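Raw contents of query.txt, compact mmCIF, C-alpha atoms:
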```txt
# COMPACT_ATOMS: atom_id res chain seq x y z
CA MET A 25 -19.61 4.01 -24.99
CA ASP A 26 -16.41 4.26 -27.06
CA VAL A 27 -14.06 3.33 -24.23
CA ASP A 28 -10.89 4.45 -25.99
CA GLN A 29 -12.34 7.88 -26.74
CA TYR A 30 -13.74 8.18 -23.23
CA MET A 31 -10.36 7.42 -21.66
CA VAL A 32 -8.59 9.88 -23.95
CA GLU A 33 -11.07 12.56 -22.87
CA LEU A 34 -10.28 11.77 -19.22
CA GLY A 35 -6.57 11.94 -20.00
CA VAL A 36 -6.78 15.28 -21.79
CA ALA A 37 -8.81 16.77 -18.94
CA ALA A 38 -6.45 15.33 -16.32
CA ARG A 39 -3.37 16.74 -18.04
CA ALA A 40 -4.92 20.23 -18.13
CA ALA A 41 -6.08 19.93 -14.53
CA SER A 42 -2.66 18.74 -13.36
CA ARG A 43 -1.11 22.06 -14.35
CA VAL A 44 -3.72 23.98 -12.36
CA VAL A 45 -3.29 21.77 -9.29
CA ALA A 46 0.51 21.95 -9.47
CA ALA A 47 0.32 25.75 -9.49
CA SER A 48 -2.21 25.92 -6.64
CA SER A 49 -1.27 26.88 -3.10
CA THR A 50 -1.11 24.51 -0.17
CA ALA A 51 -4.05 26.37 1.37
CA VAL A 52 -6.25 25.77 -1.67
CA ARG A 53 -5.46 22.06 -1.79
CA ASN A 54 -6.07 21.72 1.96
CA HIS A 55 -9.37 23.54 1.52
CA ALA A 56 -10.39 20.98 -1.08
CA LEU A 57 -9.44 18.07 1.18
CA LEU A 58 -11.41 19.40 4.12
CA ALA A 59 -14.39 20.20 1.88
CA VAL A 60 -14.34 16.59 0.65
CA ARG A 61 -14.25 15.43 4.26
CA ASP A 62 -17.30 17.49 5.15
CA THR A 63 -19.17 16.35 2.04
CA LEU A 64 -18.46 12.69 2.76
CA ASP A 65 -19.54 13.12 6.36
CA GLY A 66 -22.84 14.54 5.18
CA ALA A 67 -23.33 11.76 2.65
CA ARG A 68 -22.97 8.78 4.98
CA ALA A 69 -26.45 7.45 4.22
CA LYS A 70 -25.89 7.66 0.47
CA LEU A 71 -22.52 5.98 0.80
CA ALA A 72 -24.05 3.19 2.90
CA ASP A 73 -26.85 2.64 0.38
CA ALA A 74 -24.45 2.49 -2.55
CA ASN A 75 -22.13 0.12 -0.69
CA ALA A 76 -25.04 -2.13 0.31
CA GLN A 77 -25.87 -2.43 -3.38
CA ASP A 78 -22.29 -3.46 -4.17
CA MET A 79 -22.18 -5.92 -1.26
CA GLU A 80 -25.43 -7.55 -2.38
CA GLN A 81 -24.15 -7.97 -5.91
CA GLY A 82 -20.82 -9.24 -4.60
CA ARG A 83 -22.52 -11.98 -2.59
CA ALA A 84 -24.65 -12.87 -5.60
CA LYS A 85 -21.46 -13.26 -7.65
CA ALA A 86 -19.96 -15.41 -4.87
CA LEU A 87 -17.02 -13.10 -4.19
CA GLY A 88 -14.63 -14.61 -1.65
CA ALA A 89 -14.60 -13.49 1.97
CA PRO A 90 -11.37 -11.44 1.63
CA LEU A 91 -12.81 -9.47 -1.30
CA LEU A 92 -16.10 -8.87 0.50
CA ASP A 93 -14.18 -7.69 3.55
CA ARG A 94 -12.25 -5.19 1.43
CA LEU A 95 -15.43 -4.07 -0.33
CA GLU A 96 -17.45 -3.26 2.78
CA LEU A 97 -17.72 0.40 3.84
CA THR A 98 -18.50 0.15 7.54
CA PRO A 99 -19.15 3.27 9.64
CA ALA A 100 -15.67 2.79 11.13
CA ARG A 101 -14.11 2.77 7.68
CA ILE A 102 -15.97 5.93 6.72
CA ASP A 103 -14.65 7.47 9.95
CA ALA A 104 -11.16 6.37 8.90
CA MET A 105 -11.59 8.02 5.50
CA LEU A 106 -12.57 11.30 7.17
CA GLU A 107 -9.64 11.05 9.58
CA GLY A 108 -7.33 10.31 6.66
CA LEU A 109 -8.41 13.46 4.86
CA GLN A 110 -7.85 15.46 8.03
CA GLN A 111 -4.39 13.94 8.48
CA VAL A 112 -3.33 14.53 4.89
CA ALA A 113 -4.48 18.15 5.07
CA ALA A 114 -2.34 18.59 8.20
CA LEU A 115 0.79 17.06 6.66
CA PRO A 116 3.62 19.31 5.46
CA ASP A 117 3.36 20.01 1.74
CA PRO A 118 6.45 18.65 -0.03
CA VAL A 119 5.78 20.56 -3.26
CA GLY A 120 8.19 23.41 -3.83
CA SER A 121 10.55 22.54 -1.00
CA ILE A 122 14.23 22.99 -1.88
CA SER A 123 16.93 20.81 -0.37
CA ASP A 124 20.65 20.06 -0.75
CA MET A 125 21.44 23.65 -1.75
CA ARG A 126 25.19 24.07 -2.24
CA THR A 127 27.34 26.92 -3.53
CA MET A 128 29.62 25.77 -6.34
CA PRO A 129 33.05 27.21 -7.28
CA SER A 130 31.40 29.27 -10.04
CA GLY A 131 29.25 30.98 -7.43
CA ILE A 132 25.94 29.40 -8.48
CA GLY A 133 23.72 27.76 -5.90
CA VAL A 134 22.58 24.26 -6.88
CA GLY A 135 19.76 22.43 -5.13
CA ARG A 136 16.75 20.21 -5.70
CA MET A 137 13.08 21.14 -5.65
CA ARG A 138 10.19 18.74 -5.00
CA VAL A 139 7.65 18.78 -7.83
CA PRO A 140 4.47 16.79 -8.59
CA LEU A 141 4.68 13.79 -10.91
CA GLY A 142 1.75 15.14 -12.98
CA VAL A 143 -1.10 12.71 -13.72
CA ILE A 144 -1.31 9.49 -11.70
CA GLY A 145 -3.48 6.60 -12.79
CA ILE A 146 -4.59 4.30 -9.99
CA ILE A 147 -6.15 0.89 -10.63
CA TYR A 148 -7.54 -1.07 -7.70
CA GLU A 149 -9.95 -3.81 -6.70
CA SER A 150 -12.67 -3.66 -4.03
CA ARG A 151 -11.83 -1.30 -1.14
CA PRO A 152 -13.79 1.83 -2.10
CA ASN A 153 -12.01 3.68 0.71
CA VAL A 154 -8.96 3.59 -1.59
CA THR A 155 -10.80 6.11 -3.79
CA VAL A 156 -10.59 8.70 -1.03
CA GLU A 157 -7.10 7.75 0.15
CA ALA A 158 -5.66 7.93 -3.36
CA ALA A 159 -7.45 11.13 -4.26
CA SER A 160 -6.31 12.89 -1.09
CA LEU A 161 -2.64 12.03 -1.48
CA CYS A 162 -2.55 12.85 -5.18
CA LEU A 163 -4.28 16.18 -4.60
CA LYS A 164 -2.12 17.20 -1.63
CA SER A 165 1.04 16.41 -3.59
CA GLY A 166 -0.09 18.62 -6.47
CA ASN A 167 -1.07 15.85 -8.88
CA ALA A 168 -4.18 15.10 -10.88
CA THR A 169 -5.42 11.52 -10.79
CA ILE A 170 -7.58 9.10 -12.75
CA LEU A 171 -9.03 6.39 -10.51
CA ARG A 172 -10.27 3.10 -11.89
CA GLY A 173 -11.88 0.97 -9.18
CA GLY A 174 -13.12 -2.58 -9.55
CA SER A 175 -16.47 -3.39 -11.11
CA GLU A 176 -17.59 -4.83 -7.76
CA ALA A 177 -17.38 -1.34 -6.18
CA LEU A 178 -18.92 0.67 -9.01
CA ALA A 179 -21.84 2.08 -7.01
CA SER A 180 -19.69 2.91 -3.96
CA ASN A 181 -17.05 4.64 -6.04
CA GLY A 182 -19.69 6.57 -7.94
CA ALA A 183 -21.14 7.92 -4.68
CA ILE A 184 -17.66 8.87 -3.44
CA ALA A 185 -16.84 10.54 -6.77
CA LYS A 186 -19.76 12.94 -6.35
CA CYS A 187 -18.36 14.01 -2.97
CA LEU A 188 -14.91 14.52 -4.48
CA VAL A 189 -16.31 16.77 -7.19
CA GLN A 190 -18.15 18.90 -4.62
CA GLY A 191 -14.98 19.30 -2.56
CA LEU A 192 -12.93 20.37 -5.59
CA GLN A 193 -15.61 22.84 -6.62
CA ALA A 194 -15.69 24.34 -3.13
CA ALA A 195 -11.94 25.07 -3.37
CA GLY A 196 -12.10 26.42 -6.91
CA LEU A 197 -10.07 23.57 -8.37
CA PRO A 198 -11.01 21.84 -11.65
CA GLU A 199 -13.29 18.83 -11.34
CA ALA A 200 -10.90 16.88 -13.58
CA ALA A 201 -8.22 17.02 -10.87
CA VAL A 202 -9.77 13.79 -9.57
CA GLN A 203 -11.68 11.64 -12.04
CA VAL A 204 -13.26 8.26 -11.26
CA VAL A 205 -13.66 6.05 -14.33
CA ALA A 206 -17.38 5.46 -14.71
CA THR A 207 -17.27 2.20 -16.66
CA ALA A 208 -16.54 -1.35 -15.59
CA ASP A 209 -15.31 -2.24 -19.07
CA ARG A 210 -11.86 -3.81 -18.74
CA ALA A 211 -10.77 -2.04 -21.91
CA ALA A 212 -10.59 1.13 -19.81
CA VAL A 213 -7.65 -0.34 -17.88
CA GLY A 214 -5.83 -1.29 -21.06
CA LYS A 215 -6.20 2.24 -22.40
CA LEU A 216 -5.27 3.95 -19.12
CA ILE A 217 -1.94 2.13 -18.87
CA ALA A 218 -1.08 2.91 -22.49
CA MET A 219 -1.44 6.72 -22.54
CA PRO A 220 2.02 8.11 -21.65
CA GLU A 221 1.09 11.39 -23.29
CA TYR A 222 -1.57 11.92 -20.61
CA VAL A 223 -0.53 9.70 -17.66
CA ASP A 224 2.86 9.90 -15.91
CA VAL A 225 2.72 6.92 -13.58
CA ILE A 226 0.40 3.99 -12.83
CA VAL A 227 -0.20 2.62 -9.32
CA PRO A 228 -1.99 -0.77 -9.33
CA ARG A 229 -3.55 -1.98 -6.09
CA GLY A 230 -5.10 -5.42 -6.13
CA GLY A 231 -4.44 -9.07 -6.67
CA LYS A 232 -1.26 -10.52 -8.07
CA GLY A 233 -2.90 -11.31 -11.43
CA LEU A 234 -4.02 -7.72 -11.95
CA ILE A 235 -0.62 -6.27 -11.07
CA GLU A 236 1.28 -8.77 -13.22
CA ARG A 237 -0.93 -7.91 -16.19
CA ILE A 238 -0.48 -4.17 -15.72
CA SER A 239 3.28 -4.47 -15.22
CA LYS A 240 3.54 -6.51 -18.42
CA ASP A 241 1.33 -4.36 -20.65
CA ALA A 242 1.86 -0.82 -19.33
CA LYS A 243 3.54 1.82 -21.47
CA VAL A 244 3.61 4.09 -18.42
CA PRO A 245 5.97 3.62 -15.42
CA VAL A 246 4.41 1.46 -12.68
CA ILE A 247 4.78 1.67 -8.87
CA LYS A 248 3.77 -1.75 -7.59
CA HIS A 249 3.95 -4.72 -5.30
CA LEU A 250 2.78 -8.13 -6.47
CA ASP A 251 1.87 -9.76 -3.16
CA GLY A 252 2.48 -9.68 0.57
CA VAL A 253 4.25 -12.81 1.78
CA CYS A 254 5.22 -11.33 5.15
CA HIS A 255 7.20 -13.09 7.89
CA VAL A 256 7.70 -12.84 11.62
CA TYR A 257 10.83 -14.51 13.00
CA ILE A 258 10.93 -15.35 16.71
CA ASP A 259 14.63 -15.26 17.55
CA ASP A 260 16.60 -17.07 20.27
CA GLY A 261 16.75 -13.76 22.11
CA ALA A 262 13.02 -13.06 22.03
CA ASP A 263 10.87 -12.30 25.06
CA ASP A 264 8.22 -15.05 25.05
CA GLU A 265 5.30 -12.81 25.98
CA MET A 266 6.22 -10.26 23.35
CA ALA A 267 6.75 -12.95 20.74
CA VAL A 268 3.31 -14.48 21.32
CA SER A 269 1.60 -11.09 21.30
CA ILE A 270 3.25 -9.97 18.05
CA ALA A 271 2.80 -13.29 16.25
CA VAL A 272 -0.89 -13.47 17.12
CA ASN A 273 -1.57 -9.87 16.13
CA ALA A 274 0.40 -10.09 12.88
CA LYS A 275 -1.82 -12.95 11.71
CA THR A 276 -5.23 -12.48 13.31
CA GLN A 277 -5.77 -8.71 13.55
CA ARG A 278 -7.02 -8.81 9.95
CA TYR A 279 -6.62 -11.53 7.35
CA GLY A 280 -7.23 -9.86 4.00
CA THR A 281 -4.41 -7.32 3.96
CA CYS A 282 -1.03 -7.34 2.26
CA ASN A 283 0.84 -6.72 5.54
CA THR A 284 -0.66 -9.71 7.36
CA MET A 285 1.90 -12.34 8.37
CA GLU A 286 1.69 -15.43 6.17
CA THR A 287 4.72 -17.38 7.47
CA LEU A 288 5.95 -17.66 11.05
CA LEU A 289 9.58 -18.65 11.64
CA VAL A 290 10.66 -19.80 15.10
CA ALA A 291 14.21 -20.44 16.33
CA GLU A 292 14.51 -24.07 17.45
CA SER A 293 15.57 -23.01 20.95
CA LYS A 294 12.22 -21.19 21.32
CA ALA A 295 9.93 -23.64 19.56
CA ALA A 296 8.94 -25.79 22.54
CA ALA A 297 8.18 -22.72 24.67
CA VAL A 298 6.15 -20.62 22.24
CA LEU A 299 4.64 -22.86 19.56
CA PRO A 300 2.12 -24.68 21.83
CA ARG A 301 0.97 -21.33 23.24
CA LEU A 302 0.67 -19.86 19.76
CA ALA A 303 -1.17 -22.94 18.50
CA GLU A 304 -3.74 -22.49 21.26
CA ALA A 305 -4.25 -18.82 20.36
CA TYR A 306 -4.48 -19.58 16.66
CA ALA A 307 -6.97 -22.38 17.29
CA ALA A 308 -9.15 -19.98 19.25
CA ALA A 309 -9.07 -17.62 16.26
CA GLY A 310 -9.82 -20.41 13.78
CA VAL A 311 -6.42 -20.27 12.08
CA GLU A 312 -5.27 -23.38 10.23
CA LEU A 313 -1.56 -24.21 10.71
CA ARG A 314 0.64 -25.80 8.07
CA GLY A 315 4.05 -26.64 9.43
CA CYS A 316 7.45 -28.16 8.86
CA PRO A 317 8.11 -31.61 10.43
CA ARG A 318 9.37 -30.10 13.69
CA THR A 319 6.28 -27.89 13.91
CA VAL A 320 3.97 -30.84 13.31
CA ALA A 321 5.79 -32.78 16.04
CA LEU A 322 5.15 -29.97 18.55
CA VAL A 323 1.64 -29.00 17.43
CA SER A 324 -0.73 -31.89 16.85
CA ALA A 325 -3.28 -29.71 15.05
CA ALA A 326 -0.78 -28.64 12.39
CA THR A 327 -0.74 -30.36 9.01
CA ALA A 328 2.37 -30.87 6.90
CA ALA A 329 3.35 -27.83 4.84
CA THR A 330 4.25 -28.18 1.18
CA GLU A 331 6.85 -26.19 -0.75
CA GLN A 332 4.03 -24.03 -2.13
CA ASP A 333 2.99 -22.98 1.38
CA TRP A 334 6.22 -21.01 1.82
CA HIS A 335 5.33 -18.99 -1.30
CA GLU A 336 1.68 -18.46 -0.41
CA GLU A 337 -0.14 -15.22 0.34
CA TYR A 338 -3.23 -16.76 1.92
CA LEU A 339 -5.23 -13.63 2.76
CA ALA A 340 -7.16 -16.06 4.96
CA PRO A 341 -6.94 -17.74 8.41
CA VAL A 342 -4.13 -20.04 7.28
CA LEU A 343 -0.53 -19.78 8.49
CA ALA A 344 2.67 -21.53 7.43
CA VAL A 345 5.06 -22.27 10.31
CA ARG A 346 8.70 -23.34 10.15
CA VAL A 347 11.21 -24.04 12.90
CA VAL A 348 14.65 -22.80 11.85
CA ALA A 349 18.09 -23.44 13.29
CA ASP A 350 19.08 -19.82 13.81
CA LEU A 351 19.02 -16.26 12.50
CA GLN A 352 21.08 -17.22 9.43
CA GLN A 353 18.51 -19.79 8.33
CA ALA A 354 15.65 -17.36 9.04
CA ILE A 355 17.23 -14.69 6.83
CA GLU A 356 17.89 -17.23 4.09
CA HIS A 357 14.27 -18.38 4.23
CA ILE A 358 12.91 -14.83 4.10
CA ASN A 359 15.14 -13.72 1.23
CA THR A 360 14.15 -16.88 -0.68
CA TYR A 361 10.38 -16.77 -0.17
CA SER A 362 9.51 -13.22 0.87
CA SER A 363 7.77 -10.89 -1.57
CA GLN A 364 9.98 -8.09 -0.19
CA HIS A 365 7.01 -6.43 1.48
CA THR A 366 7.34 -6.55 5.29
CA ASP A 367 9.31 -8.85 7.59
CA SER A 368 9.84 -8.64 11.34
CA ILE A 369 12.17 -10.09 13.99
CA VAL A 370 11.27 -10.49 17.65
CA THR A 371 14.43 -10.33 19.76
CA ARG A 372 16.14 -8.59 22.67
CA ASP A 373 19.56 -9.15 21.09
CA HIS A 374 20.69 -5.85 19.56
CA GLY A 375 23.37 -7.36 17.34
CA ARG A 376 21.02 -9.90 15.77
CA ALA A 377 18.33 -7.26 15.35
CA MET A 378 20.74 -4.98 13.46
CA ARG A 379 21.87 -7.86 11.28
CA PHE A 380 18.24 -8.64 10.43
CA LEU A 381 17.69 -4.99 9.43
CA ARG A 382 20.74 -5.02 7.18
CA GLU A 383 20.33 -8.37 5.50
CA VAL A 384 16.59 -8.82 4.97
CA ASP A 385 15.86 -7.34 1.54
CA SER A 386 12.31 -6.03 2.01
CA SER A 387 10.65 -2.64 1.73
CA SER A 388 9.84 -2.62 5.46
CA VAL A 389 12.00 -4.47 8.00
CA MET A 390 10.94 -4.40 11.65
CA ILE A 391 12.24 -5.16 15.11
CA ASN A 392 9.76 -6.20 17.82
CA ALA A 393 6.65 -5.00 15.96
CA SER A 394 3.69 -6.56 14.17
CA THR A 395 3.80 -6.53 10.37
CA ARG A 396 0.28 -5.09 10.49
CA LEU A 397 1.87 -1.74 11.36
CA ALA A 398 3.34 -1.43 7.86
CA ASP A 399 1.07 1.16 6.33
CA GLY A 400 0.83 4.86 5.69
CA PHE A 401 -1.20 5.79 8.77
CA GLU A 402 1.14 4.01 11.15
CA TYR A 403 4.23 5.44 9.43
CA GLY A 404 2.94 8.99 9.78
CA LEU A 405 2.28 9.41 6.06
CA GLY A 406 -1.47 9.80 6.37
CA ALA A 407 -3.41 7.69 3.88
CA GLU A 408 -1.07 5.79 1.58
CA ILE A 409 -1.30 5.34 -2.16
CA GLY A 410 -0.02 1.79 -1.80
CA ILE A 411 3.03 -0.26 -0.92
CA SER A 412 5.95 -0.38 -3.32
CA THR A 413 8.35 -3.30 -3.38
CA ASP A 414 10.23 -1.75 -6.29
CA LYS A 415 13.71 -0.38 -5.63
CA LEU A 416 13.53 2.72 -7.81
CA HIS A 417 11.77 6.00 -7.00
CA ALA A 418 9.60 4.82 -4.11
CA ARG A 419 9.85 1.83 -1.74
CA GLY A 420 7.53 0.78 1.08
CA PRO A 421 4.35 2.73 1.89
CA VAL A 422 4.02 5.50 -0.70
CA GLY A 423 2.88 8.80 0.77
CA LEU A 424 3.19 12.39 -0.36
CA GLU A 425 6.92 12.39 -1.04
CA GLY A 426 6.60 9.22 -3.10
CA LEU A 427 4.16 11.05 -5.38
CA THR A 428 6.67 13.76 -6.16
CA SER A 429 9.93 13.91 -8.04
CA GLN A 430 12.87 16.28 -7.84
CA LYS A 431 14.31 18.71 -10.32
CA PHE A 432 17.56 20.61 -10.09
CA VAL A 433 17.29 24.34 -9.47
CA VAL A 434 20.15 26.77 -9.99
CA LEU A 435 20.35 30.20 -8.35
CA GLY A 436 22.74 32.59 -9.99
CA GLU A 437 23.75 36.26 -10.07
CA GLY A 438 24.83 36.57 -13.67
CA GLN A 439 27.38 33.76 -13.78
CA ILE A 440 28.46 32.50 -17.21
CA ARG A 441 30.66 29.56 -18.13
CA SER A 442 34.16 30.44 -19.31
```

So, in terms of C-alpha cells, how does the structure I just supplied come out?
Amino acid sequence: MDVDQYMVELGVAARAASRVVAASSTAVRNHALLAVRDTLDGARAKLADANAQDMEQGRAKALGAPLLDRLELTPARIDAMLEGLQQVAALPDPVGSISDMRTMPSGIGVGRMRVPLGVIGIIYESRPNVTVEAASLCLKSGNATILRGGSEALASNGAIAKCLVQGLQAAGLPEAAVQVVATADRAAVGKLIAMPEYVDVIVPRGGKGLIERISKDAKVPVIKHLDGVCHVYIDDGADDEMAVSIAVNAKTQRYGTCNTMETLLVAESKAAAVLPRLAEAYAAAGVELRGCPRTVALVSAATAATEQDWHEEYLAPVLAVRVVADLQQAIEHINTYSSQHTDSIVTRDHGRAMRFLREVDSSSVMINASTRLADGFEYGLGAEIGISTDKLHARGPVGLEGLTSQKFVVLGEGQIRS
C-alpha cells in the first residue's frame, strides 16, 4: 500500500463528504446515528470476536494492564456505545443556530451562526469504543471524520467501521462521512496531520508521547490534552464522610482514565481524621500510597514520595498524597503540578470553594464531586470527542458545540455604506 496516496484518497473523499453532511438535515443525521446503533446491536457477536482477537494479540505483545483495560469491549461497554448514540441523536443540533443578533445603527442585523468545522481527524490508542463516540459527535455536528485507531485495536475498529458504513447508507449519507483508516502503518498518522487542504482539525486521544508528537509535527490545528494529573483537595471545611467517599471514588472507580485522581491533598487540620480511614480503604483496593513526610508519619503503609510523584499520571493503583497547610498551599500545588485537566475541592465553606473555582487554572474545576465525573456523558454532552486543556476554541470535555465554529451573519434590507 502507498500510504501517502491512500491517505490523500481518504482526505479527498472526506472533504467531498463534509459538504454533503454539512448540508444535511438534523433528521437525516439522527437517522444515521440510530441506524448505526441498530447495526451495532445486531453485530454484538462479530464485535466480540474481533475484540477477542485484539485482546489475544495484546496479551501476546505484553500490553500493560491500563492499555488492555481500554482495549476491551465488554458487553457493558457495547451497551454504553449504543446509549451514547441514542443520547447524541437526542441532543439539540447546534448547526445553523443563530445567536447574539443585534440591530446596528445602519439597520442591519448582525449575529453569529454555528457551522461545522469540516473534516476532523481523530487519532487514538486502544479504546475501540472511541470509534463510535467520535463518529457520532462528528456526524451530529455536521462534520466528516477520518478515524485512525491504534494498531492494537485494528480488528475491533474494522468491525465497527462496517457498522458505521451500514448506518450511513441507511440514511442516504456518503460512506466517506466516517472513514476508519485501515492500516496500522504509522506513516498514516504523519500524513493525516499534514494535510490542511483536506483536514481542518486534529484531535489526538492517547498517551502523552503520542500527543506530544502530533502537537509538534502537525500542520493542522490540534485540540488536545497531554495527560491527566488530577487532584482532590480535602479542605479544612470538609465533611469527613463526604471527603472519604469522594477521595476513594476519584482514585479507585477506574484507574486507567485521564480523569482519575493521581494526587490527594489534605489540609493539615483534617489529616489525622481522614488519612488513616482513607489508607484503610486504599489498602483494601490495593492502592499503593506515596506520601509527603507528614503523610508517612500518619500512614505506616505509605512510602516517601519523590518530586516526580507530584508530576505523575500513574493510570494505575498508585496515589501521591500530600498534607498541606491550607487552601493557599493547595492551590499553589495544583497550579504547579496539575496538567490543567480536572481538580476538585471538598469543603462546606462557600468562600473557599468559590476561591478554588476562581484560582485553579484547569479545564474542569469541581466542588464536592469526584474527578471521575469529568466527561461528556456526565456533563450532558453525550459521548465526548475528548478533553481539551487548551485555552482556545474548546476547553474541557469537547462535545457537539466544540466541534463547530461560528461565522458572522448579516441580515439587511438593502442597506449600503455611505

Expected answer as a PyMOL selection string: all residues with atoms within 7 Å of (16.6, 20.5, 0.5), only C-alpha atoms: chain A and resi 121-125+135-136

Nearest to A:Ala344, chosen from A:Val433, A:His374, A:Cys254, A:His417, with all atoms listed in the file counted in the distances: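 Closest candidate: A:Cys254.
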
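For the residues A:Val244, A:Leu97, A:Leu34, A:Met378, ranking by smallest atom-to-atom distance to A:Met390 using all atoms listed in the file places A:Met378 first.
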
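Residue nearest A:Val227 within the list A:Gly280, A:Pro421, A:Gly404, A:Gly145: A:Gly145 [criterion: smallest interatomic distance, only C-alpha atoms].
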
Closest of A:Leu216, A:Val202, A:Ala195, A:Thr169 to A:Gln29 - atom-to-atom distances counting only C-alpha atoms: A:Leu216

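With atom CA of A:Ala296 on one side and atom CA of A:Leu397 on the other, the separation reads 27.4 Å.
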
Nearest-residue call for A:Arg419, choices A:Glu286, A:Glu437, A:Asp259, A:Asp385, using all atoms listed in the file: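 Looking at the shortest contact to A:Arg419, the residue is A:Asp385.
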
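Closest approach to A:Arg53 from the set A:Val213, A:Val112, A:Leu91, A:Arg83 is made by A:Val112, with distances taken over all atoms listed in the file.
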
Between atom CA of A:Glu221 and atom CA of A:Ala38, distance in Å (one decimal):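 Separation of atom CA of A:Glu221 and atom CA of A:Ala38: 11.0 Å.
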
Polymer residues at most 6 Å from A:Val253, all atoms listed in the file, same-chain spacing of 4 or more positions, as number ranges by chain: A: 286, 337, 362-363

Test item: residues at most 12 Å from A:Pro129, all atoms listed in the file, excluding those fewer than 4 positions along its chain, as an mmCIF file with C-alpha atoms, in the coordinates of the input:
```cif
data_model
loop_
_atom_site.group_PDB
_atom_site.id
_atom_site.type_symbol
_atom_site.label_atom_id
_atom_site.label_comp_id
_atom_site.auth_asym_id
_atom_site.auth_seq_id
_atom_site.Cartn_x
_atom_site.Cartn_y
_atom_site.Cartn_z
ATOM 1 C CA GLY A 133 23.720 27.760 -5.900
ATOM 2 C CA VAL A 134 22.580 24.260 -6.880
ATOM 3 C CA GLY A 436 22.740 32.590 -9.990
ATOM 4 C CA GLN A 439 27.380 33.760 -13.780
ATOM 5 C CA ARG A 441 30.660 29.560 -18.130
#
```

Contacts of stretch 408-411 of chain A at 9 Å (only C-alpha atoms; same-chain gap of 2+ positions) as a ChimeraX atom specification: /A:146,154,157-159,161-162,227-229,247-249,282,365,387,398-401,405-406,413,418-424,426-427
